[in-house]
Amino acid sequence: MTNSAIAAHGLRKSYGDKVVLDGIDLTVPAGTVFSLLGPNGAGKTTAVKILSTLISPDPGSGQIHVGGHDLATEAQAARAAIGVTGQFSAVDGLITGEENMLLMADLHHLTKPEGQRVTAELLERFDLTEAAKKPASTYSGGMKRRLDIAMTLVGSPRIIFLDEPTTGLDPRSRHNMWQIIRELVTGGTTVFLTTQYLEEADELADRIAVLNNGKIAAEGTAEELKRLIPGGHIRLRFTDPAAYQAAAASLNDASRDDEALALQLPSDGSQRELRAILDRLDTAGIEADELTVHTPDLDDVFFALTGNAVPNQPSRPNQPKEALR
Amino acid sequence: MSSFSLAVRDSSTMLRRNLLHARRYPSLTLNLLLTPVMLLLLFVYIFGNTMSGGEGRSAYIAYIVPGILLMTIGSTVVGTAVSVATDMNEGIIARFRTMAIHRGSVLFGHVVGSVLQAIISVVLVGAVGVAMGFRSTDATVVEWLAAFGLLALFALAFTWIAVGMGMGSPNAEAASNNAMPLILLPLISSAFVPLHSMPGWFQPIAEYQPFTPAIETLRGLLLGTEIGNNWWIALAWCLGLSLLGYRWSKAQFDRDPA
């Protein structure tokens, strides 16, 4: 408990009769990256808003501790420990980037020279020095996002919430953002990240929770989540229909895709299994035009858990019942 | 840091932010000054002879300037409502809410900034009045200070109401519409014509609405007319509206944002 940067129990929130969060538990150890993954409307932003004290949870929720402080009684102390970059840019468009930074420095009660030093440092780090004297409303989307994060970092918060930090960024900016997040974690900061990109969670997060319909559908490391579904297979593709038919006849445990002239053999992707399959193909005299090894990725997990089944997937006994809705 | 010094420090930071906005984008405030200045010119130079009942233009200038000064406040706080409504839709307000700053500082910054803007506006419009021939030669220093205090208090009261209106409006356009009565109210006060010239059934409404007692008090202070019980009615309105506007604004700010 003492090592948890964030600990929430039975987090609930409804708007009218629409249940957004249906009693979720979240625990994030200090100094780690936690990613809340889910489709649009899953409740990710609502969770961030509650944990960052922007909105209050429903009365039926359990205790929520952020930075060791109970949000119900010590919200102000929790606020002192966190930094938030929401989904929509939280910069003041009417003033310049530099003025935005100095505003944050003032609100964190830094001395004037200290505020100027931090401002110059962060503007430099986020490649905004050149644009520092221009109104923030003239910035591009990526620049606004960088300024937004730079502003969040002014008070050196121990816990940072990033709500879809790379949505709408080009691939280069996205990789820069990932680099920034990695640097933060190296410095000991705890990061709570929401994203709809599986790749992003896979890249960055120590632990991932998949949120769907207001409930945690699964939680674990990327590896643990991938293990939840036996989606690995080897795919053999043919160009000659006759060869395809012959192969299909001799490999009767393969699932067929007649249109693509492809066969799929279940496999965990290990070298041993691959060799066994190649031996079988040799013995049967089958020569495929293309062989690909497919290991389950987070996409498979995501689709499986959020109930949008991917075609041609084997049945999934581990699938939690929430996903069946 | 004690909570009081925290409040002062954060509020002054927010004030600096609002003044920066006003300095960068002065057109909103300046546009709002046009209404009272145009009305002043219109009533004095176009309708002046009729309005004064034959007493002449300069007598009428003396009559309407106090009302115009208070109308200037009603007019500038429309800008407050608009900028508060705009501001509340900005992401940066959400950021402020998640920071360990004094909770009321966002509102205090707006209020102090608006009161300062209103006072500057009153001085500008007053200067136009003086240029047109308005004189207050009899007023003592104490009366001048009291007049200034009344204007400042009136500005505070209407600013808090305007902040409440701005918070309750979904966007700038709605805020501008909702705050419209603050510009129109002076038209049904004793600003332009004396109360006894209005229909009998309407006189009580005109007499006790917030503008008339304040106008009569200001007239008395600057021109030496009879103040009577108007000063304490004006004071009661100012304190009542300030308190109401403050409570209303705070309740709306403390509510969870959508």
# chains A, B, ... in the order shown; residues from 1 in each chain; ligands from 1
>>> select_by_dssp(residues="stretch 75-144 of chain B", states="helix (DSSP H, G or I)", output="ChimeraX atom specification")
/B:75-88,91-97,105-131,141-144
>>> interface_residues(of="chain A", to="chain B", cutoff="6 Å", atoms="only C-alpha atoms", output="MDAnalysis selection string")
chainID A and resid 53:55 76 79:80 89:92
>>> atom_distance(atom1="atom CA of B:Pro170", atom2="atom CA of B:Val77")
17.4 Å
>>> residues_around(residues="B:Ile119", least_positions_apart="2", cutoff="12 Å", atoms="only C-alpha atoms", output="VMD selection string")
chain B and resid 29 33 69 to 77 112 to 117 121 to 126 147 to 156 159
>>> residues_around(residues="stretch 138-154 of chain A", least_positions_apart="2", cutoff="7 Å", atoms="only C-alpha atoms", output="list in words")
Gly83, Val84, Thr85, Ser89, Ala90, Val91, Gly97, Met101, Met104, Ala105, Val118, Leu122, Phe126, Pro135, Ala136, Ser156, Pro157, Leu169 and Ser173 of chain A
>>> residues_around(residues="A:Leu11", least_positions_apart="4", cutoff="6 Å", atoms="only C-alpha atoms", output="MDAnalysis selection string")
chainID A and resid 23:24 61
>>> select_by_dssp(residues="stretch 70-274 of chain A", states="strand (DSSP E)", output="PyMOL selection string")
chain A and resi 70+82-85+159-163+190-195+207-212+215-220+233-237+255-257+262-266
>>> closest_residue(among="A:Lys112, A:Arg125, A:Arg227, A:Arg207", to="A:Glu183", atoms="only C-alpha atoms")
A:Arg125
>>> residues_around(residues="B:Glu143", least_positions_apart="3", cutoff="9 Å", atoms="only C-alpha atoms", output="MDAnalysis selection string")
chainID B and resid 139:140 146:148 220:222
>>> residues_around(residues="A:Thr167", least_positions_apart="2", cutoff="10 Å", atoms="only C-alpha atoms", output="short mmCIF file (atom, residue, chain, number, x, y, z; two decimals) with N, CA and C atoms, in the first residue's frame")
data_model
loop_
_atom_site.label_atom_id
_atom_site.label_comp_id
_atom_site.auth_asym_id
_atom_site.auth_seq_id
_atom_site.Cartn_x
_atom_site.Cartn_y
_atom_site.Cartn_z
N GLN A 87 -6.94 15.34 -22.34
CA GLN A 87 -7.05 14.98 -23.74
C GLN A 87 -7.12 16.23 -24.62
N GLY A 142 0.88 19.39 -32.53
CA GLY A 142 2.00 18.76 -31.83
C GLY A 142 2.70 19.71 -30.87
N ARG A 145 0.62 20.18 -27.78
CA ARG A 145 0.73 19.01 -26.91
C ARG A 145 2.04 19.04 -26.14
N ASP A 163 -3.66 11.69 -20.56
CA ASP A 163 -4.85 11.14 -21.19
C ASP A 163 -4.69 11.20 -22.70
N GLU A 164 -4.48 10.04 -23.28
CA GLU A 164 -4.26 9.92 -24.73
C GLU A 164 -3.26 10.95 -25.24
N PRO A 165 -2.02 10.87 -24.74
CA PRO A 165 -1.04 11.92 -25.06
C PRO A 165 -0.62 11.94 -26.53
N LEU A 169 -1.23 12.83 -33.07
CA LEU A 169 0.14 13.22 -33.39
C LEU A 169 0.67 12.39 -34.56
N ASP A 170 1.58 12.97 -35.33
CA ASP A 170 2.18 12.21 -36.42
C ASP A 170 3.20 11.22 -35.83
N ARG A 174 4.90 11.16 -32.14
CA ARG A 174 4.51 10.10 -31.22
C ARG A 174 5.76 9.44 -30.60
N THR A 195 -4.66 5.20 -23.41
CA THR A 195 -4.39 5.18 -24.84
C THR A 195 -5.36 4.25 -25.53
N GLN A 196 -5.58 4.51 -26.81
CA GLN A 196 -6.34 3.53 -27.57
C GLN A 196 -5.42 2.79 -28.52
N TYR A 197 -4.11 3.10 -28.40
CA TYR A 197 -3.16 2.40 -29.26
C TYR A 197 -2.48 1.30 -28.47
#
>>> closest_residue(among="B:Ala174, B:Met167, B:Met132, B:Ala127", to="B:Asn89", atoms="only C-alpha atoms")
B:Met167
>>> atom_distance(atom1="atom CA of A:Ser35", atom2="atom CA of A:Met177")
14.8 Å
>>> decode(residues="stretch 141-289 of chain A", atoms="C-alpha atoms", output="PDB file, in the first residue's frame")
ATOM      1  CA  GLY A 141      -1.309  20.410 -32.632  1.00  0.00           C
ATOM      2  CA  GLY A 142       1.998  18.760 -31.831  1.00  0.00           C
ATOM      3  CA  MET A 143       3.485  21.963 -30.428  1.00  0.00           C
ATOM      4  CA  LYS A 144       0.434  22.539 -28.235  1.00  0.00           C
ATOM      5  CA  ARG A 145       0.726  19.012 -26.910  1.00  0.00           C
ATOM      6  CA  ARG A 146       4.404  19.524 -26.145  1.00  0.00           C
ATOM      7  CA  LEU A 147       3.701  22.818 -24.395  1.00  0.00           C
ATOM      8  CA  ASP A 148       0.922  21.102 -22.484  1.00  0.00           C
ATOM      9  CA  ILE A 149       3.282  18.434 -21.173  1.00  0.00           C
ATOM     10  CA  ALA A 150       6.008  20.973 -20.474  1.00  0.00           C
ATOM     11  CA  MET A 151       3.507  22.921 -18.340  1.00  0.00           C
ATOM     12  CA  THR A 152       2.598  19.733 -16.496  1.00  0.00           C
ATOM     13  CA  LEU A 153       6.257  19.186 -15.638  1.00  0.00           C
ATOM     14  CA  VAL A 154       6.887  22.637 -14.155  1.00  0.00           C
ATOM     15  CA  GLY A 155       6.242  21.582 -10.571  1.00  0.00           C
ATOM     16  CA  SER A 156       8.177  18.287 -10.971  1.00  0.00           C
ATOM     17  CA  PRO A 157       5.124  16.190 -10.068  1.00  0.00           C
ATOM     18  CA  ARG A 158       5.735  12.679  -8.719  1.00  0.00           C
ATOM     19  CA  ILE A 159       2.705  11.275 -10.511  1.00  0.00           C
ATOM     20  CA  ILE A 160       1.713  12.244 -14.022  1.00  0.00           C
ATOM     21  CA  PHE A 161      -1.591  11.559 -15.738  1.00  0.00           C
ATOM     22  CA  LEU A 162      -1.491  11.537 -19.502  1.00  0.00           C
ATOM     23  CA  ASP A 163      -4.854  11.143 -21.185  1.00  0.00           C
ATOM     24  CA  GLU A 164      -4.262   9.916 -24.729  1.00  0.00           C
ATOM     25  CA  PRO A 165      -1.043  11.920 -25.060  1.00  0.00           C
ATOM     26  CA  THR A 166      -0.343  10.876 -28.630  1.00  0.00           C
ATOM     27  CA  THR A 167      -3.811  10.933 -30.160  1.00  0.00           C
ATOM     28  CA  GLY A 168      -3.646  13.039 -33.286  1.00  0.00           C
ATOM     29  CA  LEU A 169       0.142  13.220 -33.392  1.00  0.00           C
ATOM     30  CA  ASP A 170       2.181  12.211 -36.419  1.00  0.00           C
ATOM     31  CA  PRO A 171       4.431   9.143 -36.069  1.00  0.00           C
ATOM     32  CA  ARG A 172       7.563  11.207 -35.420  1.00  0.00           C
ATOM     33  CA  SER A 173       5.924  13.299 -32.685  1.00  0.00           C
ATOM     34  CA  ARG A 174       4.515  10.102 -31.218  1.00  0.00           C
ATOM     35  CA  HIS A 175       7.956   8.558 -30.918  1.00  0.00           C
ATOM     36  CA  ASN A 176       9.273  11.785 -29.380  1.00  0.00           C
ATOM     37  CA  MET A 177       6.467  11.627 -26.844  1.00  0.00           C
ATOM     38  CA  TRP A 178       7.346   8.033 -26.004  1.00  0.00           C
ATOM     39  CA  GLN A 179      10.928   9.091 -25.479  1.00  0.00           C
ATOM     40  CA  ILE A 180       9.780  11.848 -23.121  1.00  0.00           C
ATOM     41  CA  ILE A 181       7.641   9.411 -21.146  1.00  0.00           C
ATOM     42  CA  ARG A 182      10.553   6.966 -20.843  1.00  0.00           C
ATOM     43  CA  GLU A 183      12.784   9.750 -19.551  1.00  0.00           C
ATOM     44  CA  LEU A 184      10.197  10.679 -16.960  1.00  0.00           C
ATOM     45  CA  VAL A 185      10.054   7.134 -15.683  1.00  0.00           C
ATOM     46  CA  THR A 186      13.833   6.949 -15.534  1.00  0.00           C
ATOM     47  CA  GLY A 187      13.642   9.955 -13.237  1.00  0.00           C
ATOM     48  CA  GLY A 188      11.348   8.027 -10.889  1.00  0.00           C
ATOM     49  CA  THR A 189       8.027   9.534 -11.934  1.00  0.00           C
ATOM     50  CA  THR A 190       4.907   7.400 -11.922  1.00  0.00           C
ATOM     51  CA  VAL A 191       2.954   7.637 -15.158  1.00  0.00           C
ATOM     52  CA  PHE A 192      -0.716   6.853 -15.576  1.00  0.00           C
ATOM     53  CA  LEU A 193      -1.375   6.703 -19.274  1.00  0.00           C
ATOM     54  CA  THR A 194      -4.533   6.147 -21.239  1.00  0.00           C
ATOM     55  CA  THR A 195      -4.388   5.183 -24.839  1.00  0.00           C
ATOM     56  CA  GLN A 196      -6.341   3.530 -27.567  1.00  0.00           C
ATOM     57  CA  TYR A 197      -3.156   2.405 -29.258  1.00  0.00           C
ATOM     58  CA  LEU A 198      -2.114  -1.070 -28.243  1.00  0.00           C
ATOM     59  CA  GLU A 199       1.347  -0.541 -29.594  1.00  0.00           C
ATOM     60  CA  GLU A 200       1.772   2.403 -27.270  1.00  0.00           C
ATOM     61  CA  ALA A 201       0.777   0.453 -24.185  1.00  0.00           C
ATOM     62  CA  ASP A 202       3.050  -2.381 -25.301  1.00  0.00           C
ATOM     63  CA  GLU A 203       5.977   0.025 -25.765  1.00  0.00           C
ATOM     64  CA  LEU A 204       5.649   1.936 -22.540  1.00  0.00           C
ATOM     65  CA  ALA A 205       3.612   0.282 -19.860  1.00  0.00           C
ATOM     66  CA  ASP A 206       4.774  -1.973 -17.059  1.00  0.00           C
ATOM     67  CA  ARG A 207       1.189  -2.967 -16.483  1.00  0.00           C
ATOM     68  CA  ILE A 208      -1.850  -2.654 -18.670  1.00  0.00           C
ATOM     69  CA  ALA A 209      -5.518  -2.737 -17.769  1.00  0.00           C
ATOM     70  CA  VAL A 210      -8.065  -3.171 -20.505  1.00  0.00           C
ATOM     71  CA  LEU A 211     -11.154  -1.115 -19.778  1.00  0.00           C
ATOM     72  CA  ASN A 212     -14.356  -2.014 -21.528  1.00  0.00           C
ATOM     73  CA  ASN A 213     -17.915  -0.947 -20.751  1.00  0.00           C
ATOM     74  CA  GLY A 214     -16.827   0.531 -17.444  1.00  0.00           C
ATOM     75  CA  LYS A 215     -15.131  -2.607 -16.184  1.00  0.00           C
ATOM     76  CA  ILE A 216     -11.583  -3.905 -16.172  1.00  0.00           C
ATOM     77  CA  ALA A 217     -11.743  -6.764 -18.666  1.00  0.00           C
ATOM     78  CA  ALA A 218      -8.164  -7.884 -17.973  1.00  0.00           C
ATOM     79  CA  GLU A 219      -5.047  -6.634 -16.268  1.00  0.00           C
ATOM     80  CA  GLY A 220      -1.406  -7.618 -16.369  1.00  0.00           C
ATOM     81  CA  THR A 221       1.843  -7.091 -18.202  1.00  0.00           C
ATOM     82  CA  ALA A 222       1.714  -7.040 -21.992  1.00  0.00           C
ATOM     83  CA  GLU A 223       3.104 -10.596 -21.981  1.00  0.00           C
ATOM     84  CA  GLU A 224       0.512 -11.812 -19.509  1.00  0.00           C
ATOM     85  CA  LEU A 225      -2.270 -10.328 -21.551  1.00  0.00           C
ATOM     86  CA  LYS A 226      -0.979 -11.908 -24.734  1.00  0.00           C
ATOM     87  CA  ARG A 227      -0.895 -15.269 -23.004  1.00  0.00           C
ATOM     88  CA  LEU A 228      -4.587 -14.924 -22.244  1.00  0.00           C
ATOM     89  CA  ILE A 229      -5.465 -15.854 -25.778  1.00  0.00           C
ATOM     90  CA  PRO A 230      -4.089 -18.771 -27.746  1.00  0.00           C
ATOM     91  CA  GLY A 231      -4.053 -16.890 -31.013  1.00  0.00           C
ATOM     92  CA  GLY A 232      -0.660 -18.042 -32.372  1.00  0.00           C
ATOM     93  CA  HIS A 233      -0.514 -19.860 -35.680  1.00  0.00           C
ATOM     94  CA  ILE A 234       1.546 -20.526 -38.738  1.00  0.00           C
ATOM     95  CA  ARG A 235       0.051 -19.509 -42.012  1.00  0.00           C
ATOM     96  CA  LEU A 236       0.866 -21.201 -45.300  1.00  0.00           C
ATOM     97  CA  ARG A 237      -0.136 -19.519 -48.487  1.00  0.00           C
ATOM     98  CA  PHE A 238      -0.279 -21.050 -51.925  1.00  0.00           C
ATOM     99  CA  THR A 239      -0.609 -19.630 -55.397  1.00  0.00           C
ATOM    100  CA  ASP A 240      -1.534 -22.883 -57.150  1.00  0.00           C
ATOM    101  CA  PRO A 241      -5.067 -24.078 -56.274  1.00  0.00           C
ATOM    102  CA  ALA A 242      -4.124 -27.696 -56.897  1.00  0.00           C
ATOM    103  CA  ALA A 243      -1.174 -27.508 -54.470  1.00  0.00           C
ATOM    104  CA  TYR A 244      -3.479 -25.835 -51.958  1.00  0.00           C
ATOM    105  CA  GLN A 245      -6.061 -28.611 -52.233  1.00  0.00           C
ATOM    106  CA  ALA A 246      -3.407 -31.297 -51.879  1.00  0.00           C
ATOM    107  CA  ALA A 247      -1.908 -29.645 -48.838  1.00  0.00           C
ATOM    108  CA  ALA A 248      -5.311 -29.152 -47.264  1.00  0.00           C
ATOM    109  CA  ALA A 249      -6.091 -32.818 -47.751  1.00  0.00           C
ATOM    110  CA  SER A 250      -2.922 -34.013 -46.048  1.00  0.00           C
ATOM    111  CA  LEU A 251      -2.933 -31.441 -43.193  1.00  0.00           C
ATOM    112  CA  ASN A 252      -6.371 -32.184 -41.846  1.00  0.00           C
ATOM    113  CA  ASP A 253      -5.829 -30.283 -38.570  1.00  0.00           C
ATOM    114  CA  ALA A 254      -5.320 -27.002 -40.435  1.00  0.00           C
ATOM    115  CA  SER A 255      -8.080 -24.444 -40.746  1.00  0.00           C
ATOM    116  CA  ARG A 256      -8.743 -23.444 -44.318  1.00  0.00           C
ATOM    117  CA  ASP A 257      -9.115 -20.137 -46.015  1.00  0.00           C
ATOM    118  CA  ASP A 258     -10.203 -21.210 -49.484  1.00  0.00           C
ATOM    119  CA  GLU A 259     -10.397 -17.735 -50.927  1.00  0.00           C
ATOM    120  CA  ALA A 260      -6.865 -16.759 -50.001  1.00  0.00           C
ATOM    121  CA  LEU A 261      -5.572 -20.274 -50.646  1.00  0.00           C
ATOM    122  CA  ALA A 262      -4.115 -20.269 -47.155  1.00  0.00           C
ATOM    123  CA  LEU A 263      -3.899 -22.792 -44.337  1.00  0.00           C
ATOM    124  CA  GLN A 264      -3.458 -22.039 -40.662  1.00  0.00           C
ATOM    125  CA  LEU A 265      -1.791 -24.417 -38.229  1.00  0.00           C
ATOM    126  CA  PRO A 266      -2.002 -23.666 -34.507  1.00  0.00           C
ATOM    127  CA  SER A 267       1.407 -22.925 -33.020  1.00  0.00           C
ATOM    128  CA  ASP A 268       2.946 -21.170 -30.051  1.00  0.00           C
ATOM    129  CA  GLY A 269       5.674 -19.782 -32.262  1.00  0.00           C
ATOM    130  CA  SER A 270       8.509 -21.735 -30.630  1.00  0.00           C
ATOM    131  CA  GLN A 271      11.429 -23.032 -32.657  1.00  0.00           C
ATOM    132  CA  ARG A 272      10.643 -26.633 -31.695  1.00  0.00           C
ATOM    133  CA  GLU A 273       7.089 -26.441 -32.983  1.00  0.00           C
ATOM    134  CA  LEU A 274       8.145 -24.645 -36.096  1.00  0.00           C
ATOM    135  CA  ARG A 275      10.655 -27.406 -36.871  1.00  0.00           C
ATOM    136  CA  ALA A 276       8.010 -30.078 -36.297  1.00  0.00           C
ATOM    137  CA  ILE A 277       5.681 -28.389 -38.715  1.00  0.00           C
ATOM    138  CA  LEU A 278       8.401 -27.945 -41.344  1.00  0.00           C
ATOM    139  CA  ASP A 279       9.229 -31.668 -40.990  1.00  0.00           C
ATOM    140  CA  ARG A 280       5.593 -32.551 -41.531  1.00  0.00           C
ATOM    141  CA  LEU A 281       5.444 -30.389 -44.640  1.00  0.00           C
ATOM    142  CA  ASP A 282       8.606 -32.003 -46.031  1.00  0.00           C
ATOM    143  CA  THR A 283       7.307 -35.480 -45.347  1.00  0.00           C
ATOM    144  CA  ALA A 284       4.044 -34.714 -47.098  1.00  0.00           C
ATOM    145  CA  GLY A 285       5.914 -33.043 -49.980  1.00  0.00           C
ATOM    146  CA  ILE A 286       4.134 -29.744 -49.525  1.00  0.00           C
ATOM    147  CA  GLU A 287       5.825 -26.594 -50.652  1.00  0.00           C
ATOM    148  CA  ALA A 288       4.022 -23.404 -49.674  1.00  0.00           C
ATOM    149  CA  ASP A 289       4.762 -20.182 -51.497  1.00  0.00           C
TER     150      ASP A 289
END
